[in-house]
Amino acid sequence: MKKAFTLFLFVLAAVWQLGAQIPRDSPIPVAVRIEATDGTARLLEYGKPADFCDTLIQTVSGEIQLAYGLDSLGNETDSLVCDSIAADLTGKIALISRGVCEFGWKALRAQEAGAIGVILYNRLWNGEIEGTTSGGPIGMGAGAVGAGVNIPTVMLSKEDGLAILEKLDAGISVTGFFEVRSFGNPRTAYAYQTPQEAIKPLSDVGVTFINIDNSTTLPSVAVNAVITAPNGQETTLSETLTDVPPLTVNKVVFSDGYTPSAVGTYNVKFTNSITPDELDQSFTISDDHTYALDNGDLIPNTNGTLENDSAGFVDSGFRFDMGNIYRTGPNPLIATHVTFVLGNHTELYTGEPSADVMYINIYNADPDGNGSIPYPGPFTALSALNENGGPLIPVAATEYVIQETDQDFQFTTVELPNPVTLAANKIYLITIEYNGAEAGSGIPPKFAFGGDDRPAGEVGSIVFDDSLRTQGYNVNYFLRLHLDGFGTGPTTRWTTTRLHSHQYQLQNRSIWN
């Protein structure tokens, strides 16, 4: 029987993550690209507004124009746009530099000047560090006035922003596109890498089809997923949607499901009968006794971290913590180690162990056994996951103290003081928690991530700053869980990059509950 869930776009009471979208919690995927009169055409990576901009349901395009501010005397200043804007931006997409004032403030100024969209670009090069913020495109908060912004707004890297600016300075016209797509959010496995001993049926393989037409009902939409196993064998999953209303989001879950068996990489291609879009996703079954949400593509010192800024970190009570969700299969498992990647060991190190400690905890994240986790948040505490009521108690806990010899972006593996049994068919949460109040520097931890594919079952990486959000930030953190046998057999490219590890005593504590 077909499993499909329909959401009408004009009643956005609930949403699903689709990867790149505007704003972050929109159910509709959006591609941002440019075309220039010199023949240049590029698809751009972008950071999304977290809590402002209207949900984009139709493609927006327009000529890109650099926006300049005006000072109190009416003189043109710079492209920071922290005051009034000098030019008429009617029908244009404004190009604005990041810096000095809030993202929402800049976007609102452009909107008031007639802009139909905003492209902000970072003022830092990838890898350049200013204060506590790294270089590439980042997510954006609304600030004090962002709630009044209804035009699409994105953030580019400095490299991409200056490439556009260079063309404009040379008299080359550049058109920007915020392009709504009809097909998105492919979901296959519950983790990018699952250890062979933890294989379980994949019953939530799915994808989302959006009828973006505002008047036409689609009589039939065929949706397919072709899974290619490591030996080349193909398995096709199919569903058919009927009478798909206009302006609806349709989340399809393939009723047949799929169970992998062999070690290796599985490739999945999603297609539909209405649009030419093809979506590719992959997952791995490993023999190295390791769970991983990340895809292994760590890019040190560029945009490979996700972090709160210093002011946001302080406002959040000196916390910016993260965790990964992993699901066990039909057999009990023994967990022995946890690996994480931090981008700023050297920046956080104080020499005081009480200030340099990272708390690592493993929780049964589904104590009531209903097979799901409250989603998407925000929640005030980790105890929200315990739908039976009461706190969420770790089943295992340890800590890691940052060392002076640590290197940024090293793979740090911590052995649990005692192996812990993970029950069959359960959901576990592994967290890494940092209490910045002890250090008092206002510097947040920069947790590395690899890839942004959402896992099946919706919940993958979660975050806790001013609140707990189980929808996370649309990225998959490097926080891996290792099982009994890890490190005793042939190693993969992941474990051989480990640079440093320590073991510390069990600390039955958490700063989340």
# chains A, B, ... in the order shown; residues from 1 in each chain; ligands from 1
call {"tool": "residues_around", "arguments": {"residues": "A:Lys200", "least_positions_apart": "5", "cutoff": "9 Å", "atoms": "only C-alpha atoms", "output": "VMD selection string"}}
result
chain A and resid 259 to 260 327 to 330 425
call {"tool": "residues_around", "arguments": {"residues": "A:Gly114", "least_positions_apart": "6", "cutoff": "7 Å", "atoms": "only C-alpha atoms", "output": "mmCIF file with N, CA, C and O atoms, in the first residue's frame"}}
result
data_model
loop_
_atom_site.group_PDB
_atom_site.id
_atom_site.type_symbol
_atom_site.label_atom_id
_atom_site.label_comp_id
_atom_site.auth_asym_id
_atom_site.auth_seq_id
_atom_site.Cartn_x
_atom_site.Cartn_y
_atom_site.Cartn_z
ATOM 1 N N ASP A 88 18.011 52.640 -6.094
ATOM 2 C CA ASP A 88 16.696 52.024 -6.261
ATOM 3 C C ASP A 88 16.929 50.571 -6.684
ATOM 4 O O ASP A 88 17.525 50.305 -7.729
ATOM 5 N N LEU A 89 16.460 49.623 -5.889
ATOM 6 C CA LEU A 89 16.679 48.202 -6.174
ATOM 7 C C LEU A 89 15.420 47.518 -6.686
ATOM 8 O O LEU A 89 15.325 46.290 -6.675
ATOM 9 N N THR A 90 14.456 48.276 -7.167
ATOM 10 C CA THR A 90 13.181 47.704 -7.596
ATOM 11 C C THR A 90 13.399 46.619 -8.642
ATOM 12 O O THR A 90 14.042 46.838 -9.671
ATOM 13 N N GLY A 91 12.904 45.421 -8.327
ATOM 14 C CA GLY A 91 13.007 44.293 -9.251
ATOM 15 C C GLY A 91 14.368 43.649 -9.296
ATOM 16 O O GLY A 91 14.594 42.732 -10.092
#
call {"tool": "residues_around", "arguments": {"residues": "A:Gly146", "least_positions_apart": "2", "cutoff": "9 Å", "atoms": "only C-alpha atoms", "output": "NGL selection string"}}
result
:A and (51-53 or 102-108 or 141-144 or 148-150)
call {"tool": "write_last_selection", "arguments": {"atoms": "C-alpha atoms", "output": "compact mmCIF listing (two decimals), in the first residue's frame"}}
result
# COMPACT_ATOMS: atom_id res chain seq x y z
CA ASP A 51 14.10 32.20 11.27
CA PHE A 52 13.12 34.82 8.71
CA CYS A 53 11.96 35.18 5.07
CA GLU A 102 22.46 42.04 11.67
CA PHE A 103 21.51 39.91 8.67
CA GLY A 104 17.83 40.74 9.10
CA TRP A 105 18.62 44.45 9.17
CA LYS A 106 20.48 44.28 5.84
CA ALA A 107 17.73 42.26 4.17
CA LEU A 108 15.03 44.61 5.42
CA GLY A 141 19.55 34.66 12.27
CA ALA A 142 16.78 37.25 12.02
CA GLY A 143 18.03 39.60 14.70
CA ALA A 144 15.79 42.41 15.93
CA GLY A 148 9.70 41.90 8.67
CA VAL A 149 11.67 40.36 5.79
CA ASN A 150 9.64 38.41 3.25
call {"tool": "closest_residue", "arguments": {"among": "A:Thr398, A:Thr153, A:Ser441, A:Thr346", "to": "A:Pro419", "atoms": "only C-alpha atoms"}}
result
A:Thr398
call {"tool": "residues_around", "arguments": {"residues": "stretch 476-485 of chain A", "least_positions_apart": "4", "cutoff": "7 Å", "atoms": "only C-alpha atoms", "output": "PyMOL selection string"}}
result
chain A and resi 289-294+324+334-341+447-452+461
call {"tool": "atom_distance", "arguments": {"atom1": "atom CA of A:Glu438", "atom2": "atom CA of A:Glu415"}}
result
24.6 Å
call {"tool": "residues_around", "arguments": {"residues": "A:Asp366", "least_positions_apart": "2", "cutoff": "12 Å", "atoms": "only C-alpha atoms", "output": "short mmCIF file (atom, residue, chain, number, x, y, z; two decimals) with C-alpha atoms, in the first residue's frame"}}
result
data_model
loop_
_atom_site.label_atom_id
_atom_site.label_comp_id
_atom_site.auth_asym_id
_atom_site.auth_seq_id
_atom_site.Cartn_x
_atom_site.Cartn_y
_atom_site.Cartn_z
CA ILE A 325 21.18 9.55 16.57
CA TYR A 326 21.95 5.89 15.81
CA ARG A 327 19.52 2.96 15.59
CA THR A 328 20.34 -0.61 16.55
CA TYR A 363 21.42 7.91 26.00
CA ASN A 364 18.53 5.61 25.22
CA ASP A 368 9.01 4.65 25.87
CA GLY A 369 9.84 2.31 22.96
CA ASN A 370 7.50 3.87 20.40
CA GLY A 371 10.25 3.95 17.77
CA SER A 372 10.27 7.71 17.30
CA ILE A 373 11.74 10.88 18.77
CA PRO A 374 9.91 14.20 19.32
CA LEU A 382 16.92 16.86 26.72
CA SER A 383 14.28 15.35 29.02
CA ALA A 384 11.74 16.20 26.27
CA LEU A 385 12.89 12.97 24.58
CA ASN A 386 11.62 10.99 27.57
CA GLU A 387 7.94 10.87 26.73
CA ASN A 388 7.36 8.84 29.89
CA GLY A 389 8.34 11.93 31.89
CA LEU A 392 16.96 11.25 30.36
CA ILE A 393 19.71 9.30 32.14
CA ALA A 423 19.61 -3.16 23.34
CA ASN A 425 15.86 -2.27 17.97
CA LYS A 426 16.47 0.89 19.98
CA ILE A 427 17.34 4.51 19.23
CA TYR A 428 20.47 5.90 20.89
CA LEU A 429 21.73 9.45 21.14
#
call {"tool": "residues_around", "arguments": {"residues": "A:Asn122", "least_positions_apart": "5", "cutoff": "8 Å", "atoms": "only C-alpha atoms", "output": "PyMOL selection string"}}
result
chain A and resi 97-99+135-137+155-158+161
call {"tool": "write_last_selection", "arguments": {"atoms": "C-alpha atoms", "output": "PDB file, in the first residue's frame"}}
result
ATOM      1  CA  SER A  97      28.585  42.344   2.169  1.00  0.00           C
ATOM      2  CA  ARG A  98      28.349  40.650   5.545  1.00  0.00           C
ATOM      3  CA  GLY A  99      29.468  42.635   8.604  1.00  0.00           C
ATOM      4  CA  GLY A 135      34.821  31.755   6.348  1.00  0.00           C
ATOM      5  CA  GLY A 136      32.274  30.023   4.107  1.00  0.00           C
ATOM      6  CA  PRO A 137      28.526  30.506   3.758  1.00  0.00           C
ATOM      7  CA  MET A 155      24.590  33.807   2.248  1.00  0.00           C
ATOM      8  CA  LEU A 156      27.478  32.993  -0.125  1.00  0.00           C
ATOM      9  CA  SER A 157      31.169  32.523   0.551  1.00  0.00           C
ATOM     10  CA  LYS A 158      33.437  35.525   0.023  1.00  0.00           C
ATOM     11  CA  GLY A 161      30.473  36.943  -3.696  1.00  0.00           C
TER      12      GLY A 161
END
call {"tool": "atom_distance", "arguments": {"atom1": "atom CA of A:Asp213", "atom2": "atom CA of A:Pro152"}}
result
19.2 Å
